[in-house]
Structures are given as structure tokens and as C-alpha cells.
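Colleague: Quick one: structure below, then a few questions.
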Amino acid sequence: MGDQGTGGIESRGVESNTTRRMSEPRPNSHDDQMKQQTPETKTTNGESEEQQKYTQTGPRHIVPVPVHASQASIAAPSLSRNPSTSSNASGESRNMFEFSRSRAHRLPEPPVTKATLSELDVNKIIHNPKLRHDINFDPDLHFRPNVDGEKGRRKQEKANQFWNMLTEQLQLFIIDREQFMVRFGQGEDWCLPQLLKSVKEIIQTLVPQRDRMYLEEGLNVELIMQQFGKGIADLEKLASWLSGVLKSHCAPMRDEWVDEMYNQLTNGNKTDDMEELVQGMRSLLSVLEAMKLDVANHQIRCLRPILIEDTVHFEQRFFLKKIRDHKMDPIPARQWYLAVSQFYSRDPASIQAFGEMGPFFEGICRMVLPSTDIYSHPDTFVFDEERIAKLRSDMLDAVNLEVCMRVYELMERRYRYYNGMSMMSSVPTSFLAVPLSDISGVSSKSEDEGSENFFSSSNSRPPSLVSSSAGSAHSSPRTSLVLPTQPVSNRLEDRQVKAQNLYNSLVALLQTTPTSSRSVNRWKAMKDSLALQIFRFANAPAQDLLLFEAELDYHISEPGSPIFRQVEEYYFLRLLMDVRQRVKDFKGLTGAALFSVATGGRLHGPSRTWDGPRENVGRERTSLENAIREAREEGGVEDMATRLAHMGLLHWRVWSHLIYDGGLDNAVAEPDIPMAI
């Protein structure tokens with residue numbers, strides 16, 4: 001079992017049909033939300049009642065084994081030594097466990113405490129605005145230990161500091177009892193009593209009220225530490241009692257972990273192996289943390305329908321209070337809405353699908369384009385920043401893939417008549433000296449059948465890359481350049497299949513890059529590998545590779561490129577049309593129904609109908625062309641449209657009457673309405 005005892009909790013979800021790591025609620029930047037997520041040392045009276053509801057029905061009953069002084073005649077071997085035995089410890093042993101006074105005064109707290117787990121309390125969950133917003137979008141949202149990134153690393157360091165100090169203190173107790181008593185005496189200013197107190201406090205939040213009286217008897221920290229100081233503490237009996245308590249209230253899948261904890265504690269105690277003993281204590285905290293997570297995640301599943309239905313009401317009250325307290329300025333959001341209204345196309349299809357929401361939805365469709373300023377959205381999107389960033393990243397991937405394909409098609413037409421085996425060395429080196437965009441005029445007009453190749457692709461994205469010795473995104477393609485000869489054919493079907501294979505290989509190459517890196521940087525880092533892959537399929541001469549790499553770099557992720565702008569505008573129109581249909585289908589749904597359809601029943605398939613013409617899609621296509629081009633033209637747009645329509649409808653329901661339609665003055669004048677929960 002992995003050690004989870006590092007404290008700190010974050011929520012995590014995996015959105016269906018995507019590889020997103022989104023919907024992970026993080027501390028909000030606003031001061032009120034930070035206060036709500038700050039661990040507290042007190043719990044509400046209603047906490048135990050909620051956790052009683054979750055406790056396993058028909059628990060395996062336990063018989064508490066209180067540790068009384070009269071019953072503690074059986075001492076653990078490692079803790080019953082005569083103090084005189086330790087008086088003969090050498091000076092080297094004393095120096096090994098020398099603690100500075102300043103270190104003793106800065107005693108670290110256990111890595112998992114009641115305070116660090118307090119944000120898992122049901123009262124904190126229902127008052128966490130970021131979590132309540134994210135729960136609308138991620139059906140798999142759940143809490144997990146926060147061990148990622150710099151924050152997780154710091155927590156792990158603090159946890160290791162605590163466990164190392166506890167190990168040293170216990171070893172000092174075994175080797176030099178006299179020195180230990182001089183240093184710590186019968187006090188509780190060392191790690192073990194602090195750990196036992198935390199364990200007791202956490203268990204109190206997990207067991208029902210009726211079992212807490214047994215907890216006071218079985219885990220009397222003051223009595224246990226008195227027995228420990230006299231060398232008569234029976235840690236094996238305590239471990240057995242804890243094992244029974246945990247198994248009575250945890251899920252059955254945790255039993256193996258509890259048994260592992262019990263074995264580590266008993267074996268470490270019997271063999272005087274303090275490291276194994278401390279490892280058992282780490283396992284104990286990890287089990288308690290896992291139990292607390294189980295309870296919180298169960299509560300999220302149970303409360304989800306209520307929280308979703310109350311989202312609009314809750315967020316309106318939350319933000320209205322911030323506006324009243326002058327902690328949020330609504331004017332920039334109002335100015336943003338007025339600005340997008342000025343550029344509203346007033347297309348009949350948009351008016352029919354969006355109604356009064358037309359300017360807003362056209363504005364957010366523009367918001368996710370790569371060329372739009374990343375900070376162009378107002379503060380009203382504060383809870384959707386991660387979703388917007390993911391949509392922008394997905395849109396950039398779709399646009400850049402299409403840019404690569406269009407550059408390939410231009411180059412493929414250029415080399416088609418020069419690509420015979422006997423003519424490989426006769427292609428002029430300066431053939432790529434003129435930019436592709438200048439030669440082609442960056443237009444989609446039919447040129448030697450070239451327009452038929454703009455959308456050639458397969459219907460699925462492959463899991464692996466086409467075998468290549470230099471296809472890695474992190475290698476230097478030119479160091480081992482091998483350009484296998486591709487079959488040369490002028491048949492339209494053959495060229496379409498070839499373009500389809502290239503598109504699949506580019507998608508697979510993109511999937512080999514780290515997803516955590518910034519999208520623009522990720523594309524720039526892999527441009528040489530992309531150029532080499534395209535070069536292979538174009539059957540171009542090797543001496544032109546450097547020129548082609550520079551040419552491709554000019555177009556990828558560059559809003560100044562004519563090809564990039566053309567492709568981006570195409571995808572904007574495609575996205576807008578898909579969003580129209582989604583909004584038309586979704587706008588009459590309740591919050592829970594919208595969540596169900598948008599996250600679990602997304603609309604797919606080519607049988608969809610549209611209210612207007614498919615602008616700029618091009619000439620009529622044959623059924624064969626449609627079958628081959630579907631995936632490349634789609635580019636994930638349908639999924640992006642569903643996510644954007646879901647986010648936009650919820651946003652509009654919260655903010656339209658507060659800011660966008662000018663009703664803020666009336667809203668501010670209204671009295672507070674109690675929460676529905």
C-alpha cells in the first residue's frame with residue numbers, strides 16, 4: 001500500500017470521453033473562498049450525524065479493550081527495559097540522538113490531523129463554492145491526497161521530518177532511557193503523544209456517538225504515555241484494539257491495509273525495530289486518511305443532485321455578497337458583454353438557436369480561439385478558468401493539426417511530379433526557398449485536385465506512433481534521418497489514404513508529448529519531429545528538410561501566419577455551428593438533466609441537423625469523401641461544443657440577471673434568501 005500520510009486534500013475528476021485532468025478544485029483566489037477552505041480545529045455538531053449515515057450498515061461489532069493501569073502488567077519487550085541498562089550507553093550513542101533545544105521547541109505536527117482533514121467535513125463541502133461549481137461538470141469528481149507538484153513535495157518533506165524525528169526519539173528511548181527522560185520526562189512535548197492525540201481526534205470524527213465512550217477508554221493518551229514512561233505500555237494490545245475499531249467502521253477493501261498496519265506495529269515492537277514500528281504508525285494515519293476520504297466521496301455522490309440543482313441559487317448569493325462587500329467589481333464584466341454585443345453577427349441561425357444569449361455565446365466561442373488574448377475573459381469566469389484553458393488547448397491542437405495537413409498537401413502537390421526514384425537527386429534545392437503560403441496564395445481553391453485533399457483522415461486516433469527511428473518528440477530527427485520511399489500514385493483514393501495515415505501518425509506523435517506542458521511550447525518543441533514525419537509522407541528530397549522545418553515553424557501556433565488564421569476561422573465557424581445545436585437542445589433542461597446529458601450522454605454522430613447552412617465548408621462532397629474526412633474535419637469540435645455549451649448555459653443562468661442584462665441594481669436591493677440546503 002502506498003503511504004498517503006502527507007496531509008492536504010485535493011479533489012480530482014476525470015471527465016468522460018476526454019483525457020482531461022480537469023475539474024480538480026483548487027483553492028480559489030478570492031479571500032472568502034480561501035477562508036472557507038482553511039483547515040479549522042473545530043467541527044460542527046452536525047458532522048457526526050452525517051458520518052453516522054455513512055458508517056457501514058451492520059458493522060462488525062468490536063469489544064473495546066481499555067488499557068487500564070491494572071491490566072498493563074504484560075509489557076512489550078522493547079519498552080520494558082530497566083533504566084539502568086541504558087545508563088551504560090556510549091558517548092557515541094548519546095551524540096547520535098542529540099537534539100538541539102530549538103528543534104525540540106519546533107516540534108512538527110503529525111502529517112495528517114483533524115485540522116488537515118477538516119475540509120472533508122460535509123459542512124465544508126456544501127460551502128465550498130469552487131467544488132460546488134466543478135461538481136456540475138465532472139461526474140467522477142472525488143477527493144484524493146494532494147501529493148502533486150511543489151505543494152505536495154513540501155508536504156512530503158514535512159511528513160518525512162516528523163517520522164524521522166519520531167524514529168530518533170523512540171531509538172533514544174530504547175538505547176538511552178536516562179537521556180530520554182532528561183530530555184522529555186513525562187511530558188507530551190514529543191512526537192508520539194502528539195501522534196496518538198491526532199489519531200484519537202480523527203477516529204472521533206469517523207465513529208458514531210455511541211462508540212465514542214469506548215474510544216475514551218481504549219485510547220486514553222494520558223494513561224498510555226504514563227505507562228510508556230514506566231516501560232509497561234502494551235503496544236501490541238493497543239494495535240489489536242485499533243485494528244478492531246478501524247475494521248468495524250472502514251470499508252471491507254481497507255481490511256488488508258489495516259492488517260498490514262497491525263503486523264508492522266506488532267513486529268516492530270517485538271523485534272525492537274523502530275523503523276518498522278514507525279512505518280506501522282504511518283500506515284495507521286494513512287488508513288484513517290483513506291477512511292475520511294471514503295466518507296467525503298460518499299457524501300459527494302449522495303449530495304450531487306441537490307448541489308447541482310441549487311448551483312445557480314448558491315452562486316448568485318455567493319457573488320452578490322462579494323459585489324455588495326466591494327470585493328468584486330462587476331463593471332469589467334458588463335463592459336465585456338457590451339463589447340461582444342457590438343460584434344454580434346445577428347445571423348438568423350444564431351438568433352433562432354441562442355435567442356437573447358447570441359452575443360454571449362459568440363463571445364465565448366471567440367474566447368477559446370488560440371489567437372484571442374488568454375486574459376480576455378472577465379472575472380465572472382473565475383470558476384471556469386481551467387475549463388477555458390483546456391478548451392483553448394484542444395482548439396490549438398485541432399488548428400495546428402489541420403495546419404500541418406494543409407502544409408503537407410501544398411508540398412505534396414509540389415513534389416508529385418518530381419518524386420520518381422530516378423529523379424530524387426534532380427529536385428532543385430531551392431524548391432522550398434519561396435514560402436508555401438506565398439506560392440499557394442493560402443486559398444482553398446481547387447488546384448490540380450488539391451482541394452480534395454484538405455480533409456483526409458481516419459475515423460479514430462491510433463494509440464501509437466508509426467514506427468520511426470527519429471519520430472520522438474524529444475529526439476533530433478536529423479541525426480538519424482531515413483526517408484523511406486512512399487508509393488507514388490496519382491489516384492485520388494490513394495492520396496486520401498496516404499493523408500489519412502499521416503494525420504493518424506501526427507495525432508499519435510502529439511500524444512507522446514507531456515500533457516502538463518503549455519500547449520504553444522509543446523507544439524514548438526515537437527516541430528522538428530512533425531516536419532520529419534510530414535517529409536516522409538511527401539517523398540521530398542532530404543536536402544530540403546531544413547528549409548521545410550523553418551517553413552512549418554512559421555505556421556504552427558503563429559496567428560500571423562495566413563494559413564493559421566484561415567484554419568482558425570474555419571474552426572471557429574465549425575464550433576459556433578455545433579454550439580448552436582447544443583444550446584438549442586440543452587437550454588430547456590434542468591441543472592441535473594443538463595449535467596446528465598452533457599457529461600454522460602454527449603451527442604455524437606453524423607445524423608445531426610442544423611438550423612442554417614454549414615458556412616465555408618466547401619463544395620458538396622461524395623459519400624466516399626465524407627467517410628474519409630469525418631475525423632479530420634471533426635477535430636474534436638463536437639466534444640468542445642458540448643463542453644462549451646454546458647459551461648455557457650450554467651454561466652448565463654448565474655450571471656445574466658446579475659450583470660449582463662443590467663439587473664444588478666435590483667438584485668443588490670433584494671434581501672438575502674436562505675440556502676436550499
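Scheme for the C-alpha cells: letters A, B, ... for chains in order shown; per-chain residue numbers from 1; ligand numbers from 1 in order shown.
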Leaving out region 354-356 of chain A and any residue of its chain fewer than 5 positions from it, which residues lie within 7 Å of it when counting only C-alpha atoms, given as a PDB file with C-alpha atoms, in the first residue's frame?
Modeller:
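As a result, part05.pdb now contains:
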ATOM      1  CA  ARG A 580     -25.865  26.409 -31.728  1.00  0.00           C
ATOM      2  CA  VAL A 583     -27.619  25.134 -26.866  1.00  0.00           C
ATOM      3  CA  LYS A 584     -30.852  24.578 -28.741  1.00  0.00           C
TER       4      LYS A 584
END
Colleague: Could you list, as a list of chain:residue names, every residue within 10 Å of Pro559 (chain A), counting only C-alpha atoms and ignoring same-chain residues fewer than 4 positions away?
Modeller: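 Counting only the stated atoms, we get A:Pro370, A:Ser371, A:Thr372, A:Tyr554, A:His555, A:Ile563, A:Phe564, A:Arg565, A:Gln566, A:Glu568.
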Colleague: Could you write those residues out with all heavy atoms, as a short mmCIF file (atom, residue, chain, number, x, y, z; two decimals), in the first residue's frame?
Modeller:
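File produced: part01.cif:
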data_model
loop_
_atom_site.label_atom_id
_atom_site.label_comp_id
_atom_site.auth_asym_id
_atom_site.auth_seq_id
_atom_site.Cartn_x
_atom_site.Cartn_y
_atom_site.Cartn_z
N PRO A 370 -7.10 30.23 -30.21
CA PRO A 370 -5.71 30.45 -29.79
C PRO A 370 -5.23 31.88 -29.95
O PRO A 370 -4.38 32.34 -29.19
CB PRO A 370 -4.93 29.50 -30.71
CG PRO A 370 -5.91 28.46 -31.12
CD PRO A 370 -7.23 29.16 -31.20
N SER A 371 -5.74 32.61 -30.95
CA SER A 371 -5.27 33.98 -31.19
C SER A 371 -5.88 34.99 -30.22
O SER A 371 -5.42 36.14 -30.16
CB SER A 371 -5.61 34.40 -32.62
OG SER A 371 -7.01 34.38 -32.84
N THR A 372 -6.90 34.60 -29.47
CA THR A 372 -7.52 35.51 -28.51
C THR A 372 -6.65 35.63 -27.27
O THR A 372 -6.06 34.64 -26.82
CB THR A 372 -8.92 35.01 -28.12
OG1 THR A 372 -9.71 34.84 -29.30
CG2 THR A 372 -9.61 35.98 -27.18
N TYR A 554 7.02 28.57 -39.09
CA TYR A 554 6.38 29.86 -39.35
C TYR A 554 4.86 29.77 -39.22
O TYR A 554 4.20 30.76 -38.88
CB TYR A 554 6.76 30.33 -40.76
CG TYR A 554 5.98 31.54 -41.23
CD1 TYR A 554 6.21 32.81 -40.70
CD2 TYR A 554 5.00 31.41 -42.21
CE1 TYR A 554 5.49 33.90 -41.13
CE2 TYR A 554 4.27 32.51 -42.65
CZ TYR A 554 4.52 33.75 -42.10
OH TYR A 554 3.79 34.84 -42.52
N HIS A 555 4.29 28.59 -39.46
CA HIS A 555 2.84 28.46 -39.48
C HIS A 555 2.27 27.90 -38.18
O HIS A 555 1.14 28.23 -37.81
CB HIS A 555 2.42 27.54 -40.64
CG HIS A 555 2.75 28.09 -41.99
ND1 HIS A 555 2.16 29.23 -42.50
CD2 HIS A 555 3.61 27.66 -42.95
CE1 HIS A 555 2.65 29.48 -43.70
NE2 HIS A 555 3.54 28.54 -44.00
N ILE A 563 -2.05 30.86 -43.23
CA ILE A 563 -2.66 29.53 -43.14
C ILE A 563 -3.27 29.32 -41.76
O ILE A 563 -4.39 28.80 -41.63
CB ILE A 563 -1.61 28.43 -43.44
CG1 ILE A 563 -1.16 28.52 -44.89
CG2 ILE A 563 -2.17 27.05 -43.15
CD1 ILE A 563 -0.13 27.48 -45.28
N PHE A 564 -2.56 29.71 -40.71
CA PHE A 564 -3.08 29.55 -39.35
C PHE A 564 -4.37 30.33 -39.17
O PHE A 564 -5.35 29.83 -38.60
CB PHE A 564 -2.03 30.00 -38.33
CG PHE A 564 -2.41 29.72 -36.90
CD1 PHE A 564 -2.06 28.54 -36.29
CD2 PHE A 564 -3.15 30.66 -36.17
CE1 PHE A 564 -2.42 28.28 -34.97
CE2 PHE A 564 -3.51 30.42 -34.86
CZ PHE A 564 -3.14 29.22 -34.25
N ARG A 565 -4.42 31.57 -39.65
CA ARG A 565 -5.63 32.38 -39.50
C ARG A 565 -6.80 31.77 -40.25
O ARG A 565 -7.94 31.78 -39.76
CB ARG A 565 -5.36 33.81 -39.99
CG ARG A 565 -4.43 34.61 -39.11
CD ARG A 565 -4.58 36.10 -39.39
NE ARG A 565 -4.39 36.41 -40.80
CZ ARG A 565 -3.22 36.73 -41.35
NH1 ARG A 565 -2.13 36.77 -40.58
NH2 ARG A 565 -3.14 37.01 -42.63
N GLN A 566 -6.53 31.26 -41.44
CA GLN A 566 -7.60 30.67 -42.23
C GLN A 566 -8.17 29.43 -41.52
O GLN A 566 -9.39 29.26 -41.45
CB GLN A 566 -7.06 30.29 -43.61
CG GLN A 566 -8.13 29.72 -44.54
CD GLN A 566 -7.52 29.13 -45.80
OE1 GLN A 566 -6.60 28.32 -45.71
NE2 GLN A 566 -8.05 29.54 -46.96
N GLU A 568 -7.98 28.68 -38.30
CA GLU A 568 -8.62 29.07 -37.05
C GLU A 568 -10.02 29.60 -37.30
O GLU A 568 -10.97 29.28 -36.57
CB GLU A 568 -7.77 30.11 -36.33
CG GLU A 568 -8.31 30.50 -34.96
CD GLU A 568 -7.56 31.66 -34.34
OE1 GLU A 568 -7.55 32.75 -34.96
OE2 GLU A 568 -6.98 31.49 -33.26
#
Colleague: Tell me which protein, DNA and RNA residues are within 10 Å of Val579 (chain A), counting only C-alpha atoms, leaving out same-chain ones fewer than 4 positions away, and put them as a CSV table (one decimal) with N, CA and C atoms, in the first residue's frame.
Modeller:
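So the final result, stored in part34.csv, reads:
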chain,number,residue,atom,x,y,z
A,350,SER,N,-28.2,31.9,-35.5
A,350,SER,CA,-27.8,32.2,-34.2
A,350,SER,C,-29.0,32.7,-33.4
A,353,ALA,N,-31.3,29.8,-32.5
A,353,ALA,CA,-30.7,28.8,-31.5
A,353,ALA,C,-30.4,29.4,-30.2
A,354,PHE,N,-29.8,30.6,-30.2
A,354,PHE,CA,-29.4,31.3,-28.9
A,354,PHE,C,-30.4,32.2,-28.3
A,361,PHE,N,-22.8,33.8,-26.4
A,361,PHE,CA,-22.2,32.5,-26.9
A,361,PHE,C,-21.2,32.8,-28.1
A,362,GLU,N,-21.5,33.7,-28.9
A,362,GLU,CA,-20.5,34.1,-29.9
A,362,GLU,C,-19.2,34.6,-29.3
A,365,CYS,N,-17.3,31.6,-27.8
A,365,CYS,CA,-16.7,30.8,-28.9
A,365,CYS,C,-15.4,31.5,-29.3
A,573,LEU,N,-16.0,28.9,-37.0
A,573,LEU,CA,-17.4,28.7,-37.6
A,573,LEU,C,-17.9,27.3,-37.4
A,574,ARG,N,-17.0,26.3,-37.4
A,574,ARG,CA,-17.5,25.0,-37.1
A,574,ARG,C,-17.9,24.8,-35.7
A,575,LEU,N,-17.2,25.4,-34.8
A,575,LEU,CA,-17.5,25.3,-33.4
A,575,LEU,C,-18.8,26.1,-33.1
A,583,VAL,N,-26.8,24.2,-27.7
A,583,VAL,CA,-27.6,25.1,-26.9
A,583,VAL,C,-29.1,25.0,-27.1
A,584,LYS,N,-29.5,24.8,-28.4
A,584,LYS,CA,-30.9,24.6,-28.7
A,584,LYS,C,-31.4,23.3,-28.0
A,585,ASP,N,-30.6,22.3,-27.9
A,585,ASP,CA,-31.0,21.0,-27.3
A,585,ASP,C,-31.0,21.1,-25.8
A,637,VAL,N,-14.3,18.9,-32.4
A,637,VAL,CA,-15.1,20.1,-32.3
A,637,VAL,C,-16.4,19.7,-31.6
A,638,GLU,N,-17.0,18.6,-31.9
A,638,GLU,CA,-18.3,18.2,-31.2
A,638,GLU,C,-18.2,18.1,-29.7
A,639,ASP,N,-17.1,17.5,-29.3
A,639,ASP,CA,-16.9,17.4,-27.8
A,639,ASP,C,-16.6,18.8,-27.2
A,640,MET,N,-15.8,19.6,-27.9
A,640,MET,CA,-15.6,21.0,-27.4
A,640,MET,C,-16.9,21.8,-27.4
A,641,ALA,N,-17.8,21.6,-28.4
A,641,ALA,CA,-19.0,22.3,-28.4
A,641,ALA,C,-19.9,21.9,-27.3
A,642,THR,N,-20.0,20.6,-26.9
A,642,THR,CA,-20.8,20.2,-25.8
A,642,THR,C,-20.3,20.8,-24.5
A,643,ARG,N,-19.0,20.7,-24.3
A,643,ARG,CA,-18.4,21.3,-23.1
A,643,ARG,C,-18.7,22.8,-23.0
A,644,LEU,N,-18.5,23.5,-24.1
A,644,LEU,CA,-18.7,25.0,-24.1
A,644,LEU,C,-20.2,25.3,-23.9
A,645,ALA,N,-21.1,24.6,-24.5
A,645,ALA,CA,-22.5,24.9,-24.3
A,645,ALA,C,-22.9,24.6,-22.9
A,646,HIS,N,-22.4,23.6,-22.3
A,646,HIS,CA,-22.7,23.3,-20.9
A,646,HIS,C,-22.2,24.4,-20.0
A,648,GLY,N,-21.4,27.4,-20.8
A,648,GLY,CA,-22.0,28.7,-21.1
A,648,GLY,C,-23.4,28.8,-20.6
Colleague: Can you check which residues of region 84-275 of chain A DSSP gives as strand (DSSP E) on the backbone and send them as a list of chain:residue names?
Modeller: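 Strand (DSSP E) assignments inside region 84-275 of chain A correspond to A:His142, A:Phe143, A:Arg144, A:Pro145.
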Colleague: Excluding region 275-277 of chain A and residues on its chain fewer than 5 positions from it, collect all residues at most 10 Å away from it, counting only C-alpha atoms, and give them as a list in words.
Modeller: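 Close residues of region 275-277 of chain A: Trp163, Asn164, Leu166, Thr167, Glu168, Leu170, Gln171, Leu235, Met261, Tyr262, Asn263, Gln264, Leu265, Thr266, Asn267, Gly268, Asn269, Lys270, Arg282 and Ser283 of chain A.
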Colleague: Do you know which residues are at most 7 Å from region 255-260 of chain A counting only C-alpha atoms, after dropping those on the same chain fewer than 3 positions away, and could you put them as a compact mmCIF listing (two decimals) with N, CA, C and O atoms, in the first residue's frame?
Modeller:
# COMPACT_ATOMS: atom_id res chain seq x y z
N MET A 1 0.83 -1.20 0.00
CA MET A 1 0.00 0.00 0.00
C MET A 1 0.87 1.25 0.00
O MET A 1 1.88 1.31 0.69
N SER A 243 -6.95 -2.00 15.45
CA SER A 243 -7.33 -2.80 14.29
C SER A 243 -8.81 -3.15 14.32
O SER A 243 -9.51 -3.07 13.31
N LYS A 247 -11.55 -1.75 11.51
CA LYS A 247 -12.27 -2.72 10.69
C LYS A 247 -13.78 -2.63 10.90
O LYS A 247 -14.55 -3.00 10.01
N PRO A 252 -14.76 -2.73 3.62
CA PRO A 252 -14.04 -4.03 3.64
C PRO A 252 -12.76 -4.01 2.82
O PRO A 252 -11.82 -4.74 3.13
N ASN A 263 0.40 -5.71 11.66
CA ASN A 263 1.62 -6.53 11.61
C ASN A 263 2.87 -5.67 11.76
O ASN A 263 3.84 -6.09 12.42
N GLN A 264 2.88 -4.51 11.16
CA GLN A 264 4.04 -3.63 11.27
C GLN A 264 4.23 -3.16 12.71
O GLN A 264 5.36 -3.13 13.22
N VAL A 287 -4.46 4.88 6.78
CA VAL A 287 -5.77 4.24 6.80
C VAL A 287 -6.84 5.23 7.26
O VAL A 287 -7.93 5.31 6.68
Colleague: Could you please write out, as an MDAnalysis selection string, every residue of region 290-389 of chain A that DSSP assigns to helix (DSSP H, G or I)?
Modeller: chainID A and resid 290:309 311:324 331:342 348:367 379:389
Colleague: For a quick check of understanding, using only C-alpha atoms, which of A:Glu386, A:Glu289, A:Asp189, A:Asp528 has the smallest distance to Leu509 (chain A)?
Modeller: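 Nearest to Leu509 (chain A): A:Asp528.
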Colleague: Grab the CA of Ser376 (chain A) to CA of Trp336 (chain A) distance for me, in Å with one decimal place.
Modeller: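 Going from CA of Ser376 (chain A) over to CA of Trp336 (chain A), I get 8.6 Å.
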Colleague: Excluding region 193-208 of chain A and its own-chain neighbours fewer than 2 positions away, which residues fall within 10 Å of it when counting only C-alpha atoms? Please give them as number ranges by chain.
Modeller: A: 43, 47-55, 107-115, 117-118, 121, 162, 166, 187-191, 210-213, 215-216, 218-222, 224-225, 242, 245-246, 248-250, 281-282, 284-285, 288-289, 291-292, 295
Colleague: Can you work out the spacing between CA of Ile175 (chain A) and CA of Glu236 (chain A) in Å, to one decimal?
Modeller: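 Distance between the two atoms: 20.5 Å.
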